[in-house]
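Structure file data_36.pdb; described as PDB, C-alpha atoms and all ligand atoms.
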```
ATOM      1  CA  MET P1390      42.698  -9.229  -1.851
ATOM      2  CA  PRO P1391      39.647  -8.616   0.380
ATOM      3  CA  SER P1392      36.408  -8.042  -1.467
ATOM      4  CA  GLY P1393      33.149  -6.378  -0.600
ATOM      5  CA  ILE P1394      30.250  -4.333  -1.837
ATOM      6  CA  ILE P1395      29.919  -0.546  -1.918
ATOM      7  CA  THR P1396      26.873   0.517   0.111
ATOM      8  CA  LYS P1397      27.266   4.250  -0.391
ATOM      9  CA  GLY P1398      29.591   6.894  -1.718
ATOM     10  CA  ILE P1399      29.869  10.374  -0.253
ATOM     11  CA  GLY P1400      32.374  13.063  -1.127
ATOM     12  CA  GLY P1401      34.922  10.726  -2.702
ATOM     13  CA  PHE P1402      34.659   8.120   0.071
ATOM     14  CA  TYR P1403      33.114   4.747  -0.522
ATOM     15  CA  TYR P1404      31.805   2.533   2.234
ATOM     16  CA  VAL P1405      32.716  -1.059   1.467
ATOM     17  CA  GLU P1406      31.026  -3.811   3.380
ATOM     18  CA  SER P1407      33.170  -6.928   3.677
ATOM     19  CA  ASP P1408      33.587 -10.002   5.865
ATOM     20  CA  GLU P1409      36.002  -7.953   7.941
ATOM     21  CA  GLY P1410      33.633  -5.065   8.528
ATOM     22  CA  VAL P1411      32.840  -1.804   6.801
ATOM     23  CA  PHE P1412      35.845   0.023   5.344
ATOM     24  CA  GLU P1413      35.988   3.647   4.362
ATOM     25  CA  CYS P1414      37.770   3.592   1.028
ATOM     26  CA  LYS P1415      39.043   5.931  -1.588
ATOM     27  CA  ALA P1416      39.194   4.865  -5.197
ATOM     28  CA  ARG P1417      42.509   5.114  -6.998
ATOM     29  CA  GLY P1418      42.803   7.679  -9.772
ATOM     30  CA  ILE P1419      42.698   4.958 -12.403
ATOM     31  CA  PHE P1420      38.912   4.831 -12.176
ATOM     32  CA  ARG P1421      38.636   8.468 -12.993
ATOM     33  CA  LYS P1422      40.969   7.995 -15.948
ATOM     34  CA  ASP P1423      38.951   5.054 -17.243
ATOM     35  CA  GLY P1424      35.751   6.966 -16.746
ATOM     36  CA  ILE P1425      34.453   4.425 -14.249
ATOM     37  CA  ILE P1426      32.920   5.979 -11.196
ATOM     38  CA  PRO P1427      32.322   3.482  -8.393
ATOM     39  CA  LEU P1428      28.640   3.092  -7.542
ATOM     40  CA  PRO P1429      26.672   1.692  -4.649
ATOM     41  CA  GLY P1430      26.073  -1.951  -5.493
ATOM     42  CA  ASP P1431      29.526  -2.389  -7.058
ATOM     43  CA  LYS P1432      31.400  -5.511  -6.036
ATOM     44  CA  VAL P1433      34.977  -4.421  -5.442
ATOM     45  CA  GLY P1434      38.397  -5.705  -4.502
ATOM     46  CA  PHE P1435      40.210  -3.469  -2.041
ATOM     47  CA  THR P1436      43.433  -3.135  -0.091
ATOM     48  CA  ILE P1437      43.385  -2.584   3.652
ATOM     49  CA  ILE P1438      45.423   0.496   4.567
ATOM     50  CA  ASP P1439      44.598   0.580   8.270
ATOM     51  CA  LYS P1440      42.922  -2.431   9.800
ATOM     52  CA  ASP P1441      41.975  -0.723  13.086
ATOM     53  CA  LYS P1442      40.710   2.504  11.606
ATOM     54  CA  LYS P1443      39.008   0.478   8.875
ATOM     55  CA  VAL P1444      40.472   2.469   6.033
ATOM     56  CA  GLY P1445      41.184   1.047   2.603
ATOM     57  CA  ASN P1446      41.590   1.661  -1.074
ATOM     58  CA  ILE P1447      39.464   0.250  -3.868
ATOM     59  CA  ASP P1448      41.650  -1.408  -6.500
ATOM     60  CA  ARG P1449      39.167  -3.225  -8.653
ATOM     61  CA  ILE P1450      35.541  -3.015  -9.679
ATOM     62  CA  MET P1451      33.989  -6.302 -10.810
ATOM     63  CA  PRO P1452      31.994  -6.205 -14.043
ATOM     64  CA  ARG P1453      28.460  -4.896 -13.518
ATOM     65  CA  PHE P1454      25.471  -6.887 -14.687
ATOM     66  CA  SER P1455      23.141  -3.916 -14.499
ATOM     67  CA  GLN P1456      23.281  -0.196 -13.928
ATOM     68  CA  LEU P1457      20.527   2.250 -13.118
ATOM     69  CA  ILE P1458      20.902   5.957 -13.718
ATOM     70  CA  ARG P1459      18.316   7.269 -11.288
ATOM     71  CA  PRO P1460      19.111   6.188  -8.662
ATOM     72  CA  SER P1461      22.717   5.508  -9.593
ATOM     73  CA  VAL P1462      23.104   1.934  -8.429
ATOM     74  CA  ALA P1463      24.960  -1.026  -9.931
ATOM     75  CA  ASN P1464      23.917  -4.685  -9.966
ATOM     76  CA  VAL P1465      20.264  -4.136  -9.093
ATOM     77  CA  ASP P1466      18.288  -7.395  -9.241
ATOM     78  CA  GLN P1467      14.753  -6.082  -9.105
ATOM     79  CA  VAL P1468      12.515  -3.071  -8.776
ATOM     80  CA  ILE P1469       9.678  -3.015  -6.280
ATOM     81  CA  ILE P1470       7.086  -0.597  -7.604
ATOM     82  CA  VAL P1471       4.930   0.685  -4.793
ATOM     83  CA  ILE P1472       1.424   2.066  -5.259
ATOM     84  CA  SER P1473      -1.391   2.759  -2.845
ATOM     85  CA  VAL P1474      -5.097   2.486  -3.550
ATOM     86  CA  LYS P1475      -5.925   5.568  -1.506
ATOM     87  CA  SER P1476      -4.000   8.623  -0.365
ATOM     88  CA  PRO P1477      -2.587   8.939  -2.940
ATOM     89  CA  SER P1478      -4.852   7.025  -5.319
ATOM     90  CA  ALA P1479      -3.096   4.675  -7.703
ATOM     91  CA  ASP P1480      -1.477   6.222 -10.759
ATOM     92  CA  PHE P1481      -1.717   3.324 -13.216
ATOM     93  CA  MET P1482      -0.012   5.200 -16.018
ATOM     94  CA  LEU P1483       3.027   5.775 -13.803
ATOM     95  CA  LEU P1484       2.917   2.142 -12.688
ATOM     96  CA  ASP P1485       2.836   0.895 -16.282
ATOM     97  CA  LYS P1486       5.642   3.244 -17.304
ATOM     98  CA  LEU P1487       7.809   2.000 -14.445
ATOM     99  CA  LEU P1488       7.055  -1.603 -15.425
ATOM    100  CA  ILE P1489       7.970  -0.805 -19.034
ATOM    101  CA  THR P1490      11.238   0.750 -17.898
ATOM    102  CA  ALA P1491      12.025  -2.359 -15.845
ATOM    103  CA  GLU P1492      11.282  -4.588 -18.870
ATOM    104  CA  ARG P1493      13.576  -2.474 -21.036
ATOM    105  CA  LYS P1494      16.385  -2.852 -18.514
ATOM    106  CA  GLU P1495      15.622  -6.551 -18.146
ATOM    107  CA  LEU P1496      15.036  -6.072 -14.439
ATOM    108  CA  ALA P1497      12.523  -8.189 -12.581
ATOM    109  CA  ALA P1498       9.638  -6.105 -11.262
ATOM    110  CA  VAL P1499       7.312  -6.673  -8.329
ATOM    111  CA  VAL P1500       4.184  -4.612  -7.676
ATOM    112  CA  CYS P1501       3.532  -3.740  -4.046
ATOM    113  CA  ILE P1502       0.110  -2.342  -3.171
ATOM    114  CA  ASN P1503       0.514  -0.551   0.139
ATOM    115  CA  LYS P1504      -1.956   1.068   2.569
ATOM    116  CA  ILE P1505      -4.544  -1.663   2.138
ATOM    117  CA  ASP P1506      -5.826  -0.671   5.596
ATOM    118  CA  LEU P1507      -7.385   2.353   3.833
ATOM    119  CA  ASP P1508      -8.900   0.211   1.090
ATOM    120  CA  VAL P1509     -12.409  -0.234   2.477
ATOM    121  CA  ASP P1510     -13.798  -1.390  -0.891
ATOM    122  CA  ASN P1511     -11.131  -4.061  -1.350
ATOM    123  CA  GLU P1512     -10.090  -2.487  -4.621
ATOM    124  CA  HIS P1513      -6.613  -3.909  -4.230
ATOM    125  CA  LYS P1514      -7.870  -7.431  -4.961
ATOM    126  CA  ASN P1515      -8.878  -6.267  -8.406
ATOM    127  CA  ILE P1516      -5.519  -4.553  -8.987
ATOM    128  CA  MET P1517      -3.742  -7.694  -7.809
ATOM    129  CA  ASP P1518      -5.639  -9.788 -10.381
ATOM    130  CA  ILE P1519      -4.908  -7.355 -13.203
ATOM    131  CA  TYR P1520      -1.158  -7.258 -12.608
ATOM    132  CA  ALA P1521      -0.884 -10.939 -11.762
ATOM    133  CA  SER P1522      -2.520 -11.721 -15.108
ATOM    134  CA  ALA P1523       0.034  -9.375 -16.690
ATOM    135  CA  LYS P1524       2.536 -11.879 -15.218
ATOM    136  CA  TYR P1525       3.882  -9.743 -12.388
ATOM    137  CA  LYS P1526       4.340 -10.772  -8.818
ATOM    138  CA  VAL P1527       2.019  -8.666  -6.671
ATOM    139  CA  ILE P1528       2.122  -8.145  -2.925
ATOM    140  CA  ALA P1529      -0.443  -6.317  -0.784
ATOM    141  CA  THR P1530       0.833  -4.593   2.342
ATOM    142  CA  SER P1531      -0.212  -2.343   5.145
ATOM    143  CA  LEU P1532       2.638  -0.973   7.154
ATOM    144  CA  LYS P1533       0.098   0.518   9.515
ATOM    145  CA  LYS P1534      -1.429  -2.868  10.284
ATOM    146  CA  GLY P1535       1.719  -4.901   9.695
ATOM    147  CA  ILE P1536       0.188  -6.920   6.831
ATOM    148  CA  GLY P1537       2.210  -8.523   4.047
ATOM    149  CA  LEU P1538       5.642  -7.962   5.547
ATOM    150  CA  ASP P1539       6.562 -11.644   5.390
ATOM    151  CA  SER P1540       5.793 -11.844   1.659
ATOM    152  CA  LEU P1541       7.775  -8.688   1.114
ATOM    153  CA  ARG P1542      10.722 -10.008   3.083
ATOM    154  CA  GLU P1543      10.674 -13.227   1.093
ATOM    155  CA  VAL P1544      10.823 -11.269  -2.183
ATOM    156  CA  LEU P1545      13.691  -9.078  -0.949
ATOM    157  CA  GLN P1546      15.824 -11.822   0.542
ATOM    158  CA  GLY P1547      19.333 -12.071  -0.904
ATOM    159  CA  LYS P1548      18.726  -9.512  -3.648
ATOM    160  CA  ILE P1549      19.503  -5.889  -4.378
ATOM    161  CA  SER P1550      16.108  -4.213  -4.722
ATOM    162  CA  VAL P1551      15.147  -0.662  -5.557
ATOM    163  CA  LEU P1552      11.875   0.780  -4.285
ATOM    164  CA  ALA P1553      10.198   3.126  -6.753
ATOM    165  CA  GLY P1554       6.864   4.870  -7.099
ATOM    166  CA  GLN P1555       4.807   7.968  -6.568
ATOM    167  CA  SER P1556       5.488  10.258  -3.624
ATOM    168  CA  GLY P1557       3.614   9.399  -0.450
ATOM    169  CA  VAL P1558       2.805   5.746  -1.210
ATOM    170  CA  GLY P1559       4.949   4.588   1.715
ATOM    171  CA  LYS P1560       8.327   3.544   0.301
ATOM    172  CA  SER P1561      10.398   4.909   3.169
ATOM    173  CA  THR P1562       7.870   3.601   5.679
ATOM    174  CA  ILE P1563       8.217   0.136   4.146
ATOM    175  CA  ILE P1564      11.992   0.241   4.539
ATOM    176  CA  ASN P1565      11.750   1.412   8.128
ATOM    177  CA  GLY P1566       9.146  -1.267   8.784
ATOM    178  CA  ILE P1567      11.314  -4.016   7.352
ATOM    179  CA  MET P1568      14.300  -2.752   9.333
ATOM    180  CA  ASN P1569      12.509  -2.553  12.687
ATOM    181  CA  ALA P1570      10.163  -5.457  12.115
ATOM    182  CA  GLY P1571      11.279  -7.124  15.302
ATOM    183  CA  MET P1572      10.695  -4.055  17.403
ATOM    184  CA  MET P1573       7.645  -2.645  15.694
ATOM    185  CA  LYS P1574       4.330  -3.450  17.269
ATOM    186  CA  THR P1575       1.377  -4.141  14.992
ATOM    187  CA  GLY P1576      -0.718  -1.068  14.393
ATOM    188  CA  GLU P1577       2.104   1.301  15.164
ATOM    189  CA  LEU P1578       3.986   3.114  12.465
ATOM    190  CA  SER P1579       7.702   3.402  12.926
ATOM    191  CA  ALA P1580       8.721   6.749  14.325
ATOM    192  CA  LYS P1581      12.090   6.624  12.595
ATOM    193  CA  ILE P1582      13.155   9.596  10.555
ATOM    194  CA  ASP P1583      12.305   9.550   6.895
ATOM    195  CA  ARG P1584      15.216   7.915   5.134
ATOM    196  CA  GLY P1585      13.972   9.200   1.814
ATOM    197  CA  LYS P1586      15.071  12.677   2.729
ATOM    198  CA  HIS P1587      18.621  11.462   3.142
ATOM    199  CA  THR P1588      18.766   9.392   0.008
ATOM    200  CA  THR P1589      17.559  12.062  -2.346
ATOM    201  CA  ARG P1590      21.058  12.823  -3.545
ATOM    202  CA  HIS P1591      23.034   9.770  -2.490
ATOM    203  CA  ALA P1592      21.665   6.324  -3.148
ATOM    204  CA  GLU P1593      22.408   3.998  -0.278
ATOM    205  CA  LEU P1594      22.192   0.240  -0.017
ATOM    206  CA  ILE P1595      20.468  -0.647   3.222
ATOM    207  CA  LYS P1596      21.413  -4.085   4.478
ATOM    208  CA  LEU P1597      18.595  -6.459   5.331
ATOM    209  CA  GLN P1598      18.773  -8.847   8.234
ATOM    210  CA  GLU P1599      17.865 -11.845   6.125
ATOM    211  CA  GLY P1600      20.440 -10.993   3.459
ATOM    212  CA  GLY P1601      20.134  -8.626   0.541
ATOM    213  CA  TYR P1602      19.955  -4.864   0.240
ATOM    214  CA  ILE P1603      17.247  -2.348  -0.408
ATOM    215  CA  VAL P1604      17.544   1.113  -1.964
ATOM    216  CA  ASP P1605      15.020   3.870  -1.319
ATOM    217  CA  THR P1606      14.247   6.473  -3.976
ATOM    218  CA  PRO P1607      12.444   9.758  -3.586
ATOM    219  CA  GLY P1608       9.033   9.694  -5.224
ATOM    220  CA  PHE P1609       8.157  11.617  -8.329
ATOM    221  CA  SER P1610       4.925  12.662  -9.904
ATOM    222  CA  ASN P1611       6.479  13.238 -13.284
ATOM    223  CA  PHE P1612       8.166  10.295 -14.870
ATOM    224  CA  ASP P1613      11.069  10.388 -17.316
ATOM    225  CA  GLU P1614       9.922  10.358 -20.880
ATOM    226  CA  LEU P1615       9.991   6.899 -22.362
ATOM    227  CA  GLU P1616      12.778   6.559 -24.892
ATOM    228  CA  MET P1617      12.049   3.853 -27.428
ATOM    229  CA  GLN P1618      10.507   3.134 -30.790
ATOM    230  CA  ALA P1619       6.725   2.826 -30.660
ATOM    231  CA  GLU P1620       7.095  -0.608 -32.306
ATOM    232  CA  GLU P1621       9.146  -1.898 -29.357
ATOM    233  CA  LEU P1622       6.534  -1.004 -26.764
ATOM    234  CA  GLN P1623       4.512  -4.207 -27.289
ATOM    235  CA  TYR P1624       7.433  -6.332 -26.076
ATOM    236  CA  CYS P1625       7.288  -4.557 -22.700
ATOM    237  CA  TYR P1626       3.856  -6.074 -22.014
ATOM    238  CA  PRO P1627       4.464  -9.626 -20.766
ATOM    239  CA  GLU P1628       0.765 -10.498 -21.187
ATOM    240  CA  PHE P1629       0.932  -9.707 -24.939
ATOM    241  CA  ARG P1630       3.708 -12.202 -25.605
ATOM    242  CA  ASP P1631       1.552 -15.290 -26.050
ATOM    243  CA  TYR P1632      -0.664 -13.541 -28.618
ATOM    244  CA  ILE P1633       1.670 -11.421 -30.749
ATOM    245  CA  ASN P1634       2.565 -14.313 -33.050
ATOM    246  CA  LEU P1635      -1.128 -14.927 -33.786
ATOM    247  CA  CYS P1636      -1.509 -11.568 -35.581
ATOM    248  CA  ARG P1637      -2.022 -11.667 -39.367
ATOM    249  CA  PHE P1638       0.494  -8.879 -39.959
ATOM    250  CA  THR P1639       4.083  -9.195 -38.882
ATOM    251  CA  HIS P1640       4.271  -5.505 -38.037
ATOM    252  CA  CYS P1641       0.917  -5.391 -36.295
ATOM    253  CA  SER P1642       0.599  -2.525 -33.813
ATOM    254  CA  HIS P1643      -2.424  -4.280 -32.231
ATOM    255  CA  ILE P1644      -4.490  -1.145 -32.573
ATOM    256  CA  SER P1645      -6.370  -0.977 -35.873
ATOM    257  CA  GLU P1646      -5.199  -3.987 -37.885
ATOM    258  CA  PRO P1647      -7.615  -6.853 -38.635
ATOM    259  CA  ASP P1648      -7.001 -10.398 -37.363
ATOM    260  CA  CYS P1649      -4.956  -9.253 -34.410
ATOM    261  CA  GLY P1650      -4.082 -11.831 -31.762
ATOM    262  CA  VAL P1651      -3.769  -9.205 -29.044
ATOM    263  CA  LYS P1652      -7.177  -7.652 -29.759
ATOM    264  CA  GLU P1653      -8.680 -11.144 -29.917
ATOM    265  CA  ALA P1654      -7.234 -11.889 -26.455
ATOM    266  CA  LEU P1655      -8.555  -8.529 -25.250
ATOM    267  CA  SER P1656     -12.078  -9.335 -26.436
ATOM    268  CA  LYS P1657     -11.927 -12.662 -24.612
ATOM    269  CA  GLY P1658     -10.852 -10.901 -21.423
ATOM    270  CA  HIS P1659      -7.336 -12.373 -21.341
ATOM    271  CA  ILE P1660      -5.819  -8.896 -21.516
ATOM    272  CA  ASN P1661      -6.972  -6.105 -19.208
ATOM    273  CA  THR P1662      -8.701  -3.197 -20.971
ATOM    274  CA  GLY P1663      -7.028  -0.565 -18.769
ATOM    275  CA  ARG P1664      -3.551  -1.916 -19.505
ATOM    276  CA  TYR P1665      -4.436  -2.098 -23.208
ATOM    277  CA  SER P1666      -5.813   1.454 -23.409
ATOM    278  CA  ARG P1667      -2.688   2.806 -21.701
ATOM    279  CA  TYR P1668      -0.650   0.837 -24.264
ATOM    280  CA  ILE P1669      -2.478   2.697 -27.054
ATOM    281  CA  GLN P1670      -1.885   6.039 -25.345
ATOM    282  CA  LEU P1671       1.817   5.351 -24.949
ATOM    283  CA  TYR P1672       2.107   3.971 -28.481
ATOM    284  CA  ASN P1673       0.535   7.105 -29.946
ATOM    285  CA  TYR P1674       2.703   9.270 -27.742
ATOM    286  CA  LEU P1675       5.885   7.535 -28.964
ATOM    287  CA  LYS P1676       4.772   7.722 -32.621
ATOM    288  CA  GLN P1677       3.979  11.410 -32.316
ATOM    289  CA  LYS P1678       7.224  12.192 -30.498
ATOM    290  CA  LYS P1679       9.290  10.766 -33.349
ATOM    291  CA  LYS P1680       7.936  13.336 -35.791
ATOM    292  CA  TYR P1681       9.637  16.209 -34.027
TER     293      TYR P1681
HETATM  294  N1  LIG P1701      -2.674   4.321   6.409
HETATM  295  C1  LIG P1701      -1.431   4.003   6.056
HETATM  296  N2  LIG P1701      -0.496   4.970   5.959
HETATM  297  C2  LIG P1701       0.756   4.622   5.594
HETATM  298  C3  LIG P1701       1.102   3.271   5.321
HETATM  299  N3  LIG P1701       2.406   3.240   4.956
HETATM  300  C4  LIG P1701       2.847   4.511   5.008
HETATM  301  N4  LIG P1701       1.862   5.352   5.400
HETATM  302  C5  LIG P1701       1.949   6.819   5.575
HETATM  303  O1  LIG P1701       2.057   7.445   4.300
HETATM  304  C6  LIG P1701       2.809   8.657   4.401
HETATM  305  C7  LIG P1701       3.904   8.697   3.342
HETATM  306  O2  LIG P1701       4.835   7.669   3.598
HETATM  307  P1  LIG P1701       6.347   7.716   3.089
HETATM  308  O3  LIG P1701       6.980   6.446   3.521
HETATM  309  O4  LIG P1701       7.009   8.965   3.482
HETATM  310  O5  LIG P1701       6.127   7.721   1.496
HETATM  311  P2  LIG P1701       7.262   7.694   0.370
HETATM  312  O6  LIG P1701       6.768   6.782  -0.709
HETATM  313  O7  LIG P1701       8.588   7.378   0.946
HETATM  314  O8  LIG P1701       7.189   9.184  -0.170
HETATM  315  P3  LIG P1701       8.392  10.026  -0.887
HETATM  316  O9  LIG P1701       9.624   9.866  -0.073
HETATM  317  O10 LIG P1701       7.862  11.407  -0.958
HETATM  318  O11 LIG P1701       8.538   9.430  -2.266
HETATM  319  C8  LIG P1701       3.347   8.670   5.838
HETATM  320  O12 LIG P1701       2.544   9.563   6.589
HETATM  321  C9  LIG P1701       3.190   7.265   6.319
HETATM  322  O13 LIG P1701       3.005   7.175   7.706
HETATM  323  C10 LIG P1701       0.086   2.262   5.433
HETATM  324  O14 LIG P1701       0.271   1.065   5.205
HETATM  325  N5  LIG P1701      -1.155   2.701   5.799
HETATM  326 MG    MG P1702      10.392   8.444   0.941
HETATM  327 ZN    ZN P1703      -1.832  -7.546 -33.389
END
```
Step by step, read the file and then write its structure as C-alpha cells.
Ligand SMILES: Nc1nc2c(ncn2[C@@H]2O[C@H](COP(=O)(O)OP(=O)(O)OP(=O)(O)O)[C@@H](O)[C@H]2O)c(=O)[nH]1
Ligand SMILES: [Mg+2]
Ligand SMILES: [Zn+2]
Amino acid sequence: MPSGIITKGIGGFYYVESDEGVFECKARGIFRKDGIIPLPGDKVGFTIIDKDKKVGNIDRIMPRFSQLIRPSVANVDQVIIVISVKSPSADFMLLDKLLITAERKELAAVVCINKIDLDVDNEHKNIMDIYASAKYKVIATSLKKGIGLDSLREVLQGKISVLAGQSGVGKSTIINGIMNAGMMKTGELSAKIDRGKHTTRHAELIKLQEGGYIVDTPGFSNFDELEMQAEELQYCYPEFRDYINLCRFTHCSHISEPDCGVKEALSKGHINTGRYSRYIQLYNYLKQKKKY
C-alpha cells in the first residue's frame, strides 16, 4: 500500500504527498465512525483509485506521536516561537506562556528573534542570553536583511515545525523568505502574498526544499488560558530543574519559603529575574483561578 503524509485537508479532501506525487484523497467512513479525523501531518496508507488523475482513498492513519489543537496538526516535532524586539515590541509574557505550553506538550521549542535590523540598541543579544540560559535554542533573524536564514534552515531541516507568536512579528514573512531564499535578493522583502491569511482556518504543511515541513499560524494577542495546577508550573521552566531538588521543602513553590534552591540560584544570577517574576505572576494566577 502506498504511504504518504497529509499536507492539508479542505472540504473532505486530503492532499497526500507520496513518492508517487500528491494525491487528492477521501477518507473512508470508518474514520468518522472511530472518531478519528485525519489531520495535516498524519502519516497515512492509501489506495490509488486513479493514477493519472492522482486520486486516492486513505485507508489507514499511522499512530500519532503528537497532536496540536490550534493549529490542528499531527506529529509536530517543534514549535518556533517568533518575537521581534521592535514593531511590535517583545511580549515576554506571551513568549513564556508559549514556551510553557510547548513544555507541557513535550514539544521542543526554539525562540526566533526577528527584525533585528530594527534593533539599533542590540537588545536582542540580551534576550538571546536570557533564553539560552533558560536552555532554549535561540536564533536571531532579519528577513529584511537576510540574516540568520541559514541557522533557521538548519533548525527546520527534516522536521515538522509550527511557527507561533504575536501578530506582526514576521512569521509569514519568514516562511516566504525560506521558500524563496534562492530567488530573494538581500535587502528585499518577498512580495509574495501573505500565506497567513490563507492558513487561518486550514492548517497547511508547507514542504521545505531541504526536507521537513513548516506550518504557519495566525498571530494572536490574547493567549489561551493556561490549564494546569499551579504546582506543576515550575517543571515548565527548564532553568529551574537543576535547583528544585536543593529546596528545603518538598512542596516548595519557590516564592516565599526559606532555603529555596531556586531563589538561591536567582540571587546568584543563574536564573533571570524577568523569567522568575513572570513565573510568580503565572503561579498566583493559577492558584487564584482554582478557587472559582
Ligand atoms: N524591518 C523588518 N520588517 C519585517 C521583517 N520581517 C517581517 N517584517 C515585516 O513585518 C510585517 C508583518 O509581517 P508578517 O509576516 O505578516 O507577520 P506575521 O507574524 O505573519 O503576522 P500575523 O499573520 O498577523 O500573525 C510585514 O510588513 C513584514 O514586511 C524584518 O526582518 N525586518
Ligand atoms: Mg502571518
Ligand atoms: Zn524552592
ask   = Quick one: of P:Leu1496, P:Ile1505, P:Ile1450, P:Leu1552, who's nearest to P:Val1474, counting all atoms listed in the file?
value =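 Of the candidates, the smallest distance to P:Val1474 is held by P:Ile1505.
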How close does each residue of chain P get to ligand ZN 1703 (chain P), giving the shortest atom pair and distance in Å to one decimal for every residue with an atom at most 8 Å away, counting all atoms listed in the file, sorted by chain and residue number, as CSV?
```
residue,atom,partner,partner_atom,distance
P:Tyr1632,CA,P:ZN1703,ZN,7.8
P:Ile1633,CA,P:ZN1703,ZN,5.9
P:Leu1635,CA,P:ZN1703,ZN,7.4
P:Cys1636,CA,P:ZN1703,ZN,4.6
P:Arg1637,CA,P:ZN1703,ZN,7.3
P:Phe1638,CA,P:ZN1703,ZN,7.1
P:His1640,CA,P:ZN1703,ZN,7.9
P:Cys1641,CA,P:ZN1703,ZN,4.5
P:Ser1642,CA,P:ZN1703,ZN,5.6
P:His1643,CA,P:ZN1703,ZN,3.5
P:Ile1644,CA,P:ZN1703,ZN,7.0
P:Glu1646,CA,P:ZN1703,ZN,6.6
P:Pro1647,CA,P:ZN1703,ZN,7.8
P:Asp1648,CA,P:ZN1703,ZN,7.1
P:Cys1649,CA,P:ZN1703,ZN,3.7
P:Gly1650,CA,P:ZN1703,ZN,5.1
P:Val1651,CA,P:ZN1703,ZN,5.0
P:Lys1652,CA,P:ZN1703,ZN,6.5
```
request  = Would you kindly translate the PyMOL selection byres (((chain P and resi 1436-1444) around 10) and not hetatm) into the concrete residues it picks from this file, as number ranges by chain?
outcome  = P: 1390-1392, 1404-1405, 1409-1415, 1434-1435, 1445-1449
Atoms to include: C-alpha atoms. Write the selected residues as a PDB file, in the coordinates of the input.
```
ATOM      1  CA  MET P1390      42.698  -9.229  -1.851  1.00  0.00           C
ATOM      2  CA  PRO P1391      39.647  -8.616   0.380  1.00  0.00           C
ATOM      3  CA  SER P1392      36.408  -8.042  -1.467  1.00  0.00           C
ATOM      4  CA  TYR P1404      31.805   2.533   2.234  1.00  0.00           C
ATOM      5  CA  VAL P1405      32.716  -1.059   1.467  1.00  0.00           C
ATOM      6  CA  GLU P1409      36.002  -7.953   7.941  1.00  0.00           C
ATOM      7  CA  GLY P1410      33.633  -5.065   8.528  1.00  0.00           C
ATOM      8  CA  VAL P1411      32.840  -1.804   6.801  1.00  0.00           C
ATOM      9  CA  PHE P1412      35.845   0.023   5.344  1.00  0.00           C
ATOM     10  CA  GLU P1413      35.988   3.647   4.362  1.00  0.00           C
ATOM     11  CA  CYS P1414      37.770   3.592   1.028  1.00  0.00           C
ATOM     12  CA  LYS P1415      39.043   5.931  -1.588  1.00  0.00           C
ATOM     13  CA  GLY P1434      38.397  -5.705  -4.502  1.00  0.00           C
ATOM     14  CA  PHE P1435      40.210  -3.469  -2.041  1.00  0.00           C
ATOM     15  CA  GLY P1445      41.184   1.047   2.603  1.00  0.00           C
ATOM     16  CA  ASN P1446      41.590   1.661  -1.074  1.00  0.00           C
ATOM     17  CA  ILE P1447      39.464   0.250  -3.868  1.00  0.00           C
ATOM     18  CA  ASP P1448      41.650  -1.408  -6.500  1.00  0.00           C
ATOM     19  CA  ARG P1449      39.167  -3.225  -8.653  1.00  0.00           C
TER      20      ARG P1449
END
```
task = I need the residue set behind the PyMOL selection byres (((chain P and resi 1624) around 12) and not hetatm) for this file; please write it as number ranges by chain.
result = P: 1488-1493, 1495, 1617-1623, 1625-1634, 1642-1643, 1651, 1668, 1672
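In this comparison, which uses all atoms listed in the file, the residue of P:Ala1479, P:Val1471, P:Ala1416, P:Leu1655 approaching ligand MG 1702 (chain P) most closely is P:Val1471.
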Name the residues captured by the PyMOL selection byres (((chain P and resi 1509-1518) around 10) and not hetatm) when it is applied to the shown file; answer as a tab-separated table (two decimals) with C-alpha atoms, in the coordinates of the input.
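Wrote part17.tsv, looks like this:
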```
chain	number	residue	atom	x	y	z
P	1473	SER	CA	-1.39	2.76	-2.84
P	1474	VAL	CA	-5.10	2.49	-3.55
P	1475	LYS	CA	-5.92	5.57	-1.51
P	1479	ALA	CA	-3.10	4.68	-7.70
P	1481	PHE	CA	-1.72	3.32	-13.22
P	1500	VAL	CA	4.18	-4.61	-7.68
P	1501	CYS	CA	3.53	-3.74	-4.05
P	1502	ILE	CA	0.11	-2.34	-3.17
P	1503	ASN	CA	0.51	-0.55	0.14
P	1504	LYS	CA	-1.96	1.07	2.57
P	1505	ILE	CA	-4.54	-1.66	2.14
P	1506	ASP	CA	-5.83	-0.67	5.60
P	1507	LEU	CA	-7.38	2.35	3.83
P	1508	ASP	CA	-8.90	0.21	1.09
P	1519	ILE	CA	-4.91	-7.36	-13.20
P	1520	TYR	CA	-1.16	-7.26	-12.61
P	1521	ALA	CA	-0.88	-10.94	-11.76
P	1522	SER	CA	-2.52	-11.72	-15.11
P	1523	ALA	CA	0.03	-9.38	-16.69
P	1524	LYS	CA	2.54	-11.88	-15.22
P	1525	TYR	CA	3.88	-9.74	-12.39
P	1526	LYS	CA	4.34	-10.77	-8.82
P	1527	VAL	CA	2.02	-8.67	-6.67
P	1528	ILE	CA	2.12	-8.14	-2.92
P	1529	ALA	CA	-0.44	-6.32	-0.78
P	1530	THR	CA	0.83	-4.59	2.34
P	1661	ASN	CA	-6.97	-6.10	-19.21
```
List as a tab-separated table every residue of chain P that is in contact with ligand LIG 1701 (chain P), defined as an atom at most 7 Å from one of its atoms (using all atoms listed in the file), together with the nearest atom pair and the distance in Å rounded to one decimal, sorted by chain and then rising number.
```
residue	atom	partner	partner_atom	distance
P:Asn1503	CA	P:LIG1701	O14	5.3
P:Lys1504	CA	P:LIG1701	O14	3.5
P:Ile1505	CA	P:LIG1701	O14	6.3
P:Asp1506	CA	P:LIG1701	N5	5.8
P:Leu1507	CA	P:LIG1701	N1	5.7
P:Thr1530	CA	P:LIG1701	O14	6.4
P:Ser1531	CA	P:LIG1701	O14	3.4
P:Leu1532	CA	P:LIG1701	O14	3.7
P:Lys1533	CA	P:LIG1701	O14	4.3
P:Lys1534	CA	P:LIG1701	O14	6.6
P:Gly1554	CA	P:LIG1701	O6	6.7
P:Gln1555	CA	P:LIG1701	O11	5.9
P:Ser1556	CA	P:LIG1701	O11	3.4
P:Gly1557	CA	P:LIG1701	O8	3.6
P:Val1558	CA	P:LIG1701	O6	4.1
P:Gly1559	CA	P:LIG1701	O3	3.3
P:Lys1560	CA	P:LIG1701	O6	3.7
P:Ser1561	CA	P:LIG1701	O3	3.8
P:Thr1562	CA	P:LIG1701	O3	3.7
P:Ile1563	CA	P:LIG1701	O3	6.5
P:Leu1578	CA	P:LIG1701	O13	6.3
P:Asp1583	CA	P:LIG1701	O4	6.3
P:Gly1585	CA	P:LIG1701	O9	4.8
P:Lys1586	CA	P:LIG1701	O9	6.7
P:Thr1606	CA	P:LIG1701	O11	6.7
P:Pro1607	CA	P:LIG1701	O11	4.1
P:Gly1608	CA	P:LIG1701	O11	3.0
P:Phe1609	CA	P:LIG1701	O11	6.5
```
